[in-house]
$ cat run.csv   # CSV, N, CA and C atoms
chain,number,residue,atom,x,y,z
A,1,MET,N,0.8,-1.2,0.0
A,1,MET,CA,0.0,0.0,0.0
A,1,MET,C,0.9,1.2,0.0
A,2,GLU,N,0.7,2.1,-1.0
A,2,GLU,CA,1.5,3.4,-1.0
A,2,GLU,C,0.9,4.5,-0.2
A,3,HIS,N,1.7,5.3,0.4
A,3,HIS,CA,1.3,6.4,1.2
A,3,HIS,C,2.0,7.7,0.8
A,4,ASP,N,1.5,8.8,1.2
A,4,ASP,CA,2.2,10.1,0.9
A,4,ASP,C,3.6,10.0,1.4
A,5,THR,N,4.5,10.9,0.9
A,5,THR,CA,5.9,10.9,1.4
A,5,THR,C,5.9,11.4,2.8
A,6,GLU,N,4.9,12.2,3.3
A,6,GLU,CA,4.9,12.7,4.7
A,6,GLU,C,4.7,11.5,5.6
A,7,ARG,N,5.3,11.7,6.8
A,7,ARG,CA,5.3,10.6,7.8
A,7,ARG,C,3.9,10.3,8.2
A,8,GLN,N,3.5,9.1,8.2
A,8,GLN,CA,2.2,8.6,8.6
A,8,GLN,C,2.4,7.6,9.8
A,9,ILE,N,1.3,7.5,10.6
A,9,ILE,CA,1.3,6.5,11.6
A,9,ILE,C,0.2,5.5,11.3
A,10,ALA,N,0.4,4.3,11.7
A,10,ALA,CA,-0.6,3.3,11.5
A,10,ALA,C,-1.4,3.2,12.8
A,11,VAL,N,-2.7,3.2,12.7
A,11,VAL,CA,-3.6,3.0,13.8
A,11,VAL,C,-4.4,1.8,13.6
A,12,ASN,N,-4.3,0.8,14.5
A,12,ASN,CA,-5.0,-0.4,14.4
A,12,ASN,C,-6.4,-0.3,15.1
A,13,HIS,N,-7.4,-0.6,14.4
A,13,HIS,CA,-8.7,-0.7,15.1
A,13,HIS,C,-9.1,-2.1,15.4
A,14,THR,N,-9.7,-2.3,16.5
A,14,THR,CA,-10.1,-3.7,16.9
A,14,THR,C,-11.2,-4.2,16.1
A,15,ARG,N,-12.1,-3.3,15.6
A,15,ARG,CA,-13.2,-3.7,14.8
A,15,ARG,C,-12.8,-4.2,13.4
A,16,GLY,N,-12.9,-5.5,13.2
A,16,GLY,CA,-12.5,-6.0,11.9
A,16,GLY,C,-11.0,-6.1,11.6
A,17,GLY,N,-10.2,-5.8,12.6
A,17,GLY,CA,-8.8,-5.9,12.4
A,17,GLY,C,-8.2,-4.9,11.4
A,18,ARG,N,-8.9,-3.8,11.1
A,18,ARG,CA,-8.4,-2.9,10.1
A,18,ARG,C,-7.3,-2.0,10.6
A,19,THR,N,-6.4,-1.6,9.7
A,19,THR,CA,-5.4,-0.6,10.0
A,19,THR,C,-5.6,0.6,9.2
A,20,TYR,N,-5.6,1.7,9.8
A,20,TYR,CA,-5.7,3.0,9.2
A,20,TYR,C,-4.4,3.8,9.2
A,21,TYR,N,-4.1,4.5,8.2
A,21,TYR,CA,-2.9,5.3,8.2
A,21,TYR,C,-3.4,6.8,8.2
A,22,VAL,N,-2.8,7.5,9.1
A,22,VAL,CA,-3.1,9.0,9.2
A,22,VAL,C,-1.8,9.7,9.3
A,23,LYS,N,-1.8,11.0,8.9
A,23,LYS,CA,-0.6,11.8,9.0
A,23,LYS,C,-0.3,12.0,10.5
A,24,GLU,N,1.0,11.9,10.8
A,24,GLU,CA,1.5,12.1,12.1
A,24,GLU,C,1.2,13.6,12.6
A,25,ASN,N,1.4,14.5,11.7
A,25,ASN,CA,1.2,15.9,12.0
A,25,ASN,C,0.2,16.5,11.0
A,26,PRO,N,-1.1,16.2,11.3
A,26,PRO,CA,-2.1,16.6,10.4
A,26,PRO,C,-2.2,18.1,10.3
A,27,SER,N,-2.4,18.6,9.0
A,27,SER,CA,-2.4,20.1,8.8
A,27,SER,C,-3.7,20.6,8.3
A,28,THR,N,-4.5,19.8,7.7
A,28,THR,CA,-5.8,20.3,7.2
A,28,THR,C,-6.9,20.0,8.1
A,29,LEU,N,-8.0,20.6,8.0
A,29,LEU,CA,-9.2,20.3,8.8
A,29,LEU,C,-9.6,18.8,8.7
A,30,GLY,N,-9.7,18.3,7.5
A,30,GLY,CA,-10.0,16.9,7.3
A,30,GLY,C,-9.0,16.0,7.9
A,31,GLU,N,-7.7,16.3,7.8
A,31,GLU,CA,-6.7,15.4,8.4
A,31,GLU,C,-6.8,15.4,9.9
A,32,ARG,N,-7.1,16.6,10.5
A,32,ARG,CA,-7.2,16.6,11.9
A,32,ARG,C,-8.4,15.9,12.4
A,33,ILE,N,-9.5,16.0,11.7
A,33,ILE,CA,-10.7,15.2,12.1
A,33,ILE,C,-10.4,13.7,12.1
A,34,ALA,N,-9.8,13.3,11.0
A,34,ALA,CA,-9.5,11.9,10.8
A,34,ALA,C,-8.5,11.4,11.9
A,35,TYR,N,-7.5,12.3,12.2
A,35,TYR,CA,-6.5,12.0,13.2
A,35,TYR,C,-7.1,11.7,14.6
A,36,VAL,N,-8.0,12.6,15.0
A,36,VAL,CA,-8.6,12.5,16.3
A,36,VAL,C,-9.5,11.2,16.3
A,37,GLN,N,-10.3,11.0,15.3
A,37,GLN,CA,-11.1,9.8,15.2
A,37,GLN,C,-10.3,8.5,15.3
A,38,SER,N,-9.1,8.6,14.6
A,38,SER,CA,-8.3,7.4,14.6
A,38,SER,C,-7.7,7.0,15.9
A,39,ILE,N,-7.5,8.0,16.8
A,39,ILE,CA,-6.9,7.7,18.1
A,39,ILE,C,-8.0,7.4,19.1
A,40,ASP,N,-9.2,7.7,18.8
A,40,ASP,CA,-10.4,7.3,19.7
A,40,ASP,C,-11.1,6.2,19.0
A,41,LEU,N,-10.8,5.0,19.4
A,41,LEU,CA,-11.3,3.8,18.8
A,41,LEU,C,-12.9,3.7,18.8
A,42,ARG,N,-13.5,4.4,19.7
A,42,ARG,CA,-14.9,4.3,19.8
A,42,ARG,C,-15.6,5.3,18.8
A,43,MET,N,-14.9,6.2,18.3
A,43,MET,CA,-15.4,7.3,17.4
A,43,MET,C,-15.5,6.9,16.0
A,44,THR,N,-16.6,6.6,15.5
A,44,THR,CA,-16.8,6.3,14.1
A,44,THR,C,-17.3,7.7,13.5
A,45,ARG,N,-17.3,7.7,12.2
A,45,ARG,CA,-17.9,8.9,11.5
A,45,ARG,C,-19.3,9.2,11.9
A,46,LEU,N,-20.1,8.1,12.0
A,46,LEU,CA,-21.5,8.2,12.3
A,46,LEU,C,-21.6,8.7,13.8
A,47,GLN,N,-20.8,8.2,14.7
A,47,GLN,CA,-20.8,8.7,16.1
A,47,GLN,C,-20.4,10.1,16.2
A,48,LEU,N,-19.4,10.5,15.4
A,48,LEU,CA,-19.0,11.9,15.4
A,48,LEU,C,-20.1,12.8,14.9
A,49,ALA,N,-20.7,12.4,13.8
A,49,ALA,CA,-21.8,13.1,13.2
A,49,ALA,C,-23.0,13.3,14.2
A,50,GLU,N,-23.3,12.2,14.9
A,50,GLU,CA,-24.4,12.3,15.8
A,50,GLU,C,-24.1,13.2,17.0
A,51,ASP,N,-22.8,13.1,17.5
A,51,ASP,CA,-22.4,13.9,18.6
A,51,ASP,C,-22.3,15.4,18.3
A,52,ALA,N,-22.0,15.7,17.0
A,52,ALA,CA,-22.0,17.1,16.5
A,52,ALA,C,-23.3,17.6,16.0
A,53,GLY,N,-24.3,16.7,15.9
A,53,GLY,CA,-25.6,17.1,15.4
A,53,GLY,C,-25.6,17.4,13.9
A,54,LEU,N,-24.7,16.6,13.2
A,54,LEU,CA,-24.6,16.7,11.7
A,54,LEU,C,-24.9,15.4,11.1
A,55,CYS,N,-25.1,15.4,9.7
A,55,CYS,CA,-25.3,14.2,9.0
A,55,CYS,C,-23.9,13.6,8.7
A,56,GLU,N,-23.9,12.3,8.6
A,56,GLU,CA,-22.6,11.6,8.4
A,56,GLU,C,-21.9,12.0,7.1
A,57,ARG,N,-22.7,12.3,6.1
A,57,ARG,CA,-22.2,12.8,4.8
A,57,ARG,C,-21.4,14.1,5.0
A,58,THR,N,-21.9,15.0,5.8
A,58,THR,CA,-21.2,16.2,6.1
A,58,THR,C,-19.8,16.0,6.7
A,59,VAL,N,-19.7,15.0,7.6
A,59,VAL,CA,-18.4,14.7,8.2
A,59,VAL,C,-17.5,14.1,7.2
A,60,ILE,N,-18.0,13.2,6.4
A,60,ILE,CA,-17.2,12.6,5.3
A,60,ILE,C,-16.7,13.6,4.4
A,61,ARG,N,-17.5,14.6,3.9
A,61,ARG,CA,-17.1,15.6,3.0
A,61,ARG,C,-16.0,16.5,3.6
A,62,LEU,N,-16.2,16.8,4.9
A,62,LEU,CA,-15.2,17.6,5.6
A,62,LEU,C,-13.8,16.9,5.7
A,63,GLU,N,-13.9,15.6,6.1
A,63,GLU,CA,-12.7,14.8,6.2
A,63,GLU,C,-11.9,14.7,4.9
A,64,LYS,N,-12.7,14.6,3.8
A,64,LYS,CA,-12.0,14.4,2.5
A,64,LYS,C,-11.6,15.7,1.9
A,65,GLY,N,-11.9,16.8,2.5
A,65,GLY,CA,-11.6,18.1,2.0
A,65,GLY,C,-12.5,18.6,0.8
A,66,GLU,N,-13.6,18.0,0.7
A,66,GLU,CA,-14.6,18.4,-0.4
A,66,GLU,C,-15.3,19.7,-0.1
A,67,VAL,N,-15.3,20.1,1.2
A,67,VAL,CA,-15.9,21.4,1.5
A,67,VAL,C,-14.8,22.4,1.7
A,68,THR,N,-14.7,23.4,0.8
A,68,THR,CA,-13.6,24.3,0.9
A,68,THR,C,-13.9,25.5,1.9
A,69,HIS,N,-15.1,25.8,2.1
A,69,HIS,CA,-15.5,26.8,3.1
A,69,HIS,C,-16.5,26.3,4.1
A,70,PRO,N,-16.1,25.5,5.1
A,70,PRO,CA,-17.1,24.9,6.0
A,70,PRO,C,-17.7,26.0,6.8
A,71,LEU,N,-19.0,25.7,7.2
A,71,LEU,CA,-19.7,26.6,8.1
A,71,LEU,C,-19.0,26.6,9.5
A,72,LEU,N,-18.9,27.8,10.1
A,72,LEU,CA,-18.3,27.9,11.4
A,72,LEU,C,-19.1,27.0,12.4
A,73,SER,N,-20.4,27.0,12.3
A,73,SER,CA,-21.2,26.3,13.2
A,73,SER,C,-20.9,24.8,13.1
A,74,ASN,N,-20.7,24.3,11.9
A,74,ASN,CA,-20.4,22.8,11.8
A,74,ASN,C,-19.0,22.5,12.3
A,75,THR,N,-18.0,23.4,12.0
A,75,THR,CA,-16.7,23.2,12.5
A,75,THR,C,-16.6,23.3,14.0
A,76,LEU,N,-17.3,24.2,14.6
A,76,LEU,CA,-17.3,24.3,16.1
A,76,LEU,C,-18.0,23.1,16.7
A,77,ALA,N,-19.1,22.6,16.1
A,77,ALA,CA,-19.8,21.4,16.6
A,77,ALA,C,-18.8,20.2,16.5
A,78,ILE,N,-18.1,20.1,15.5
A,78,ILE,CA,-17.1,18.9,15.4
A,78,ILE,C,-16.0,19.1,16.4
A,79,ALA,N,-15.5,20.3,16.6
A,79,ALA,CA,-14.4,20.5,17.6
A,79,ALA,C,-14.9,20.1,19.0
A,80,GLU,N,-16.1,20.5,19.3
A,80,GLU,CA,-16.7,20.2,20.6
A,80,GLU,C,-16.9,18.7,20.7
A,81,ALA,N,-17.4,18.0,19.7
A,81,ALA,CA,-17.7,16.6,19.7
A,81,ALA,C,-16.3,15.8,19.8
A,82,LEU,N,-15.3,16.3,19.2
A,82,LEU,CA,-14.0,15.7,19.3
A,82,LEU,C,-13.2,16.0,20.6
A,83,GLY,N,-13.6,17.1,21.3
A,83,GLY,CA,-13.0,17.5,22.5
A,83,GLY,C,-11.6,18.2,22.2
A,84,VAL,N,-11.6,18.9,21.1
A,84,VAL,CA,-10.4,19.7,20.8
A,84,VAL,C,-10.8,21.2,20.6
A,85,SER,N,-9.8,22.0,20.6
A,85,SER,CA,-10.1,23.5,20.4
A,85,SER,C,-10.4,23.7,18.9
A,86,LEU,N,-11.2,24.7,18.7
A,86,LEU,CA,-11.5,25.2,17.3
A,86,LEU,C,-10.2,25.6,16.6
A,87,ASP,N,-9.3,26.3,17.4
A,87,ASP,CA,-8.1,26.8,16.8
A,87,ASP,C,-7.2,25.6,16.3
A,88,TRP,N,-7.1,24.6,17.1
A,88,TRP,CA,-6.3,23.4,16.7
A,88,TRP,C,-7.0,22.8,15.5
A,89,LEU,N,-8.3,22.6,15.5
A,89,LEU,CA,-8.9,21.9,14.4
A,89,LEU,C,-8.8,22.6,13.1
A,90,CYS,N,-8.7,24.0,13.2
A,90,CYS,CA,-8.6,24.8,12.0
A,90,CYS,C,-7.1,25.0,11.6
A,91,GLY,N,-6.2,24.5,12.4
A,91,GLY,CA,-4.8,24.6,12.0
A,91,GLY,C,-4.1,25.9,12.5
A,92,ARG,N,-4.7,26.7,13.4
A,92,ARG,CA,-4.1,27.9,13.8
A,92,ARG,C,-3.0,27.7,14.9
A,93,ILE,N,-3.1,26.5,15.6
A,93,ILE,CA,-2.2,26.2,16.6
A,93,ILE,C,-1.8,24.7,16.4
A,94,GLU,N,-0.7,24.3,16.9
A,94,GLU,CA,-0.2,22.9,16.8
A,94,GLU,C,-0.7,22.0,17.9
A,95,GLU,N,-0.9,22.5,19.1
A,95,GLU,CA,-1.4,21.7,20.2
A,95,GLU,C,-2.6,22.3,20.7
A,96,SER,N,-3.6,21.5,21.1
A,96,SER,CA,-4.9,22.1,21.5
A,96,SER,C,-4.8,22.9,22.8
A,97,GLY,N,-3.7,22.8,23.5
A,97,GLY,CA,-3.6,23.6,24.7
A,97,GLY,C,-2.9,24.9,24.5
A,98,ASP,N,-2.4,25.2,23.3
A,98,ASP,CA,-1.7,26.4,23.0
A,98,ASP,C,-2.7,27.6,23.0
A,99,ASP,N,-2.3,28.8,23.4
A,99,ASP,CA,-3.1,29.9,23.4
A,99,ASP,C,-2.7,30.8,22.3
A,100,VAL,N,-3.6,30.9,21.3
A,100,VAL,CA,-3.3,31.7,20.1
A,100,VAL,C,-3.1,33.2,20.4
A,101,ASN,N,-3.9,33.7,21.3
A,101,ASN,CA,-3.9,35.1,21.6
A,101,ASN,C,-2.5,35.5,22.3
A,102,GLU,N,-2.1,34.7,23.2
A,102,GLU,CA,-0.8,34.9,23.8
A,102,GLU,C,0.3,34.8,22.8
A,103,ARG,N,0.3,33.9,21.9
A,103,ARG,CA,1.4,33.7,20.9
A,103,ARG,C,1.4,34.9,20.0
A,104,ASP,N,0.2,35.3,19.6
A,104,ASP,CA,0.1,36.5,18.6
A,104,ASP,C,0.5,37.8,19.2
A,105,ARG,N,0.4,37.9,20.6
A,105,ARG,CA,0.9,39.1,21.3
A,105,ARG,C,2.4,39.1,21.5
A,106,GLY,N,3.0,38.0,21.2
A,106,GLY,CA,4.5,37.9,21.4
A,106,GLY,C,4.9,37.5,22.8
A,107,ALA,N,3.9,37.0,23.6
A,107,ALA,CA,4.2,36.6,24.9
A,107,ALA,C,4.9,35.3,25.0

$ encode --input "run.csv" --output "structure tokens"
Amino acid sequence: MEHDTERQIAVNHTRGGRTYYVKENPSTLGERIAYVQSIDLRMTRLQLAEDAGLCERTVIRLEKGEVTHPLLSNTLAIAEALGVSLDWLCGRIEESGDDVNERDRGA
């Protein structure tokens, strides 16, 4: 199986013995959604959609990058359902505990 040249990590799911490959340092909204789902073995796309109050197709389209200008309300709902900050999910910060405002002020 071929993968992008960027470093990827394998995530084994117990359901069906499937192995998923996700980017180690996800940079896009879709990559970050997939990354968090891959490390939470209980979180399927359907479960994420239900937790966020969205349809599963919306989650799939966001993950695949098919939506170029996602609604803020959908993105916020996904961030809350995944338990990550909106800034991290949108790629403004590298770790969900970082404070964007402090960094931008040069602190």

$ closest_residue --input "run.csv" --among "A:Gly91, A:Val84, A:Met43, A:Leu72" --to "Gly30 of chain A" --atoms "only C-alpha atoms"
A:Gly91

$ atom_distance --input "run.csv" --atom1 "atom CA of Ile39 of chain A" --atom2 "atom CA of Glu66 of chain A"
22.7 Å

$ atom_distance --input "run.csv" --atom1 "atom CA of Ala81 of chain A" --atom2 "atom CA of Ala52 of chain A"
5.4 Å

$ residues_around --input "run.csv" --residues "Val67 of chain A" --least-positions-apart "5" --cutoff "10 Å" --atoms "only C-alpha atoms" --output "number ranges by chain"
A: 29-30, 58-62

$ residues_near_point --input "run.csv" --point "(-21.1, 23.6, 18.3)" --cutoff "12 Å" --atoms "only C-alpha atoms" --output "PyMOL selection string"
chain A and resi 49+51-54+71-86

$ atom_distance --input "run.csv" --atom1 "atom N of Arg45 of chain A" --atom2 "atom CA of Lys64 of chain A"
12.9 Å

$ select_by_dssp --input "run.csv" --residues "segment 28-59 of chain A" --states "alpha helix (DSSP H)" --output "PyMOL selection string"
chain A and resi 29-39+45-52+56-59

$ build_atoms --input "run.csv" --residues "segment 74-85 of chain A" --atoms "all heavy atoms" --output "PDB file, in the coordinates of the input"
ATOM      1  N   ASN A  74     -20.700  24.300  11.900  1.00  0.00           N
ATOM      2  CA  ASN A  74     -20.400  22.800  11.800  1.00  0.00           C
ATOM      3  C   ASN A  74     -19.000  22.500  12.300  1.00  0.00           C
ATOM      4  O   ASN A  74     -18.775  21.519  12.979  1.00  0.00           O
ATOM      5  CB  ASN A  74     -20.426  22.438  10.282  1.00  0.00           C
ATOM      6  CG  ASN A  74     -21.827  22.402   9.730  1.00  0.00           C
ATOM      7  OD1 ASN A  74     -22.810  22.551  10.465  1.00  0.00           O
ATOM      8  ND2 ASN A  74     -21.950  22.230   8.428  1.00  0.00           N
ATOM      9  N   THR A  75     -18.000  23.400  12.000  1.00  0.00           N
ATOM     10  CA  THR A  75     -16.700  23.200  12.500  1.00  0.00           C
ATOM     11  C   THR A  75     -16.600  23.300  14.000  1.00  0.00           C
ATOM     12  O   THR A  75     -15.933  22.443  14.640  1.00  0.00           O
ATOM     13  CB  THR A  75     -15.731  24.260  11.865  1.00  0.00           C
ATOM     14  OG1 THR A  75     -15.939  24.273  10.450  1.00  0.00           O
ATOM     15  CG2 THR A  75     -14.276  23.943  12.139  1.00  0.00           C
ATOM     16  N   LEU A  76     -17.300  24.200  14.600  1.00  0.00           N
ATOM     17  CA  LEU A  76     -17.300  24.300  16.100  1.00  0.00           C
ATOM     18  C   LEU A  76     -18.000  23.100  16.700  1.00  0.00           C
ATOM     19  O   LEU A  76     -17.510  22.540  17.679  1.00  0.00           O
ATOM     20  CB  LEU A  76     -18.091  25.575  16.486  1.00  0.00           C
ATOM     21  CG  LEU A  76     -18.199  25.825  17.986  1.00  0.00           C
ATOM     22  CD1 LEU A  76     -16.818  25.897  18.624  1.00  0.00           C
ATOM     23  CD2 LEU A  76     -18.985  27.098  18.256  1.00  0.00           C
ATOM     24  N   ALA A  77     -19.100  22.600  16.100  1.00  0.00           N
ATOM     25  CA  ALA A  77     -19.800  21.400  16.600  1.00  0.00           C
ATOM     26  C   ALA A  77     -18.800  20.200  16.500  1.00  0.00           C
ATOM     27  O   ALA A  77     -18.817  19.375  17.469  1.00  0.00           O
ATOM     28  CB  ALA A  77     -21.035  21.142  15.782  1.00  0.00           C
ATOM     29  N   ILE A  78     -18.100  20.100  15.500  1.00  0.00           N
ATOM     30  CA  ILE A  78     -17.100  18.900  15.400  1.00  0.00           C
ATOM     31  C   ILE A  78     -16.000  19.100  16.400  1.00  0.00           C
ATOM     32  O   ILE A  78     -15.651  18.095  17.051  1.00  0.00           O
ATOM     33  CB  ILE A  78     -16.566  18.843  13.932  1.00  0.00           C
ATOM     34  CG1 ILE A  78     -17.671  18.339  12.997  1.00  0.00           C
ATOM     35  CG2 ILE A  78     -15.349  17.926  13.874  1.00  0.00           C
ATOM     36  CD1 ILE A  78     -17.300  18.306  11.540  1.00  0.00           C
ATOM     37  N   ALA A  79     -15.500  20.300  16.600  1.00  0.00           N
ATOM     38  CA  ALA A  79     -14.400  20.500  17.600  1.00  0.00           C
ATOM     39  C   ALA A  79     -14.900  20.100  19.000  1.00  0.00           C
ATOM     40  O   ALA A  79     -14.227  19.401  19.715  1.00  0.00           O
ATOM     41  CB  ALA A  79     -13.971  21.943  17.566  1.00  0.00           C
ATOM     42  N   GLU A  80     -16.100  20.500  19.300  1.00  0.00           N
ATOM     43  CA  GLU A  80     -16.700  20.200  20.600  1.00  0.00           C
ATOM     44  C   GLU A  80     -16.900  18.700  20.700  1.00  0.00           C
ATOM     45  O   GLU A  80     -16.627  18.071  21.778  1.00  0.00           O
ATOM     46  CB  GLU A  80     -17.999  20.928  20.834  1.00  0.00           C
ATOM     47  CG  GLU A  80     -17.768  22.409  21.053  1.00  0.00           C
ATOM     48  CD  GLU A  80     -19.056  23.217  21.162  1.00  0.00           C
ATOM     49  OE1 GLU A  80     -20.156  22.680  20.875  1.00  0.00           O
ATOM     50  OE2 GLU A  80     -18.961  24.403  21.529  1.00  0.00           O
ATOM     51  N   ALA A  81     -17.400  18.000  19.700  1.00  0.00           N
ATOM     52  CA  ALA A  81     -17.700  16.600  19.700  1.00  0.00           C
ATOM     53  C   ALA A  81     -16.300  15.800  19.800  1.00  0.00           C
ATOM     54  O   ALA A  81     -16.293  14.759  20.505  1.00  0.00           O
ATOM     55  CB  ALA A  81     -18.421  16.136  18.484  1.00  0.00           C
ATOM     56  N   LEU A  82     -15.300  16.300  19.200  1.00  0.00           N
ATOM     57  CA  LEU A  82     -14.000  15.700  19.300  1.00  0.00           C
ATOM     58  C   LEU A  82     -13.200  16.000  20.600  1.00  0.00           C
ATOM     59  O   LEU A  82     -12.216  15.349  20.911  1.00  0.00           O
ATOM     60  CB  LEU A  82     -13.105  16.044  18.091  1.00  0.00           C
ATOM     61  CG  LEU A  82     -13.556  15.527  16.732  1.00  0.00           C
ATOM     62  CD1 LEU A  82     -12.693  16.138  15.633  1.00  0.00           C
ATOM     63  CD2 LEU A  82     -13.505  14.011  16.679  1.00  0.00           C
ATOM     64  N   GLY A  83     -13.600  17.100  21.300  1.00  0.00           N
ATOM     65  CA  GLY A  83     -13.000  17.500  22.500  1.00  0.00           C
ATOM     66  C   GLY A  83     -11.600  18.200  22.200  1.00  0.00           C
ATOM     67  O   GLY A  83     -10.700  18.086  22.998  1.00  0.00           O
ATOM     68  N   VAL A  84     -11.600  18.900  21.100  1.00  0.00           N
ATOM     69  CA  VAL A  84     -10.400  19.700  20.800  1.00  0.00           C
ATOM     70  C   VAL A  84     -10.800  21.200  20.600  1.00  0.00           C
ATOM     71  O   VAL A  84     -11.967  21.479  20.429  1.00  0.00           O
ATOM     72  CB  VAL A  84      -9.706  19.174  19.477  1.00  0.00           C
ATOM     73  CG1 VAL A  84      -9.244  17.735  19.663  1.00  0.00           C
ATOM     74  CG2 VAL A  84     -10.620  19.291  18.269  1.00  0.00           C
ATOM     75  N   SER A  85      -9.800  22.000  20.600  1.00  0.00           N
ATOM     76  CA  SER A  85     -10.100  23.500  20.400  1.00  0.00           C
ATOM     77  C   SER A  85     -10.400  23.700  18.900  1.00  0.00           C
ATOM     78  O   SER A  85      -9.863  23.059  18.013  1.00  0.00           O
ATOM     79  CB  SER A  85      -8.968  24.336  20.875  1.00  0.00           C
ATOM     80  OG  SER A  85      -7.880  24.277  19.981  1.00  0.00           O
TER      81      SER A  85
END
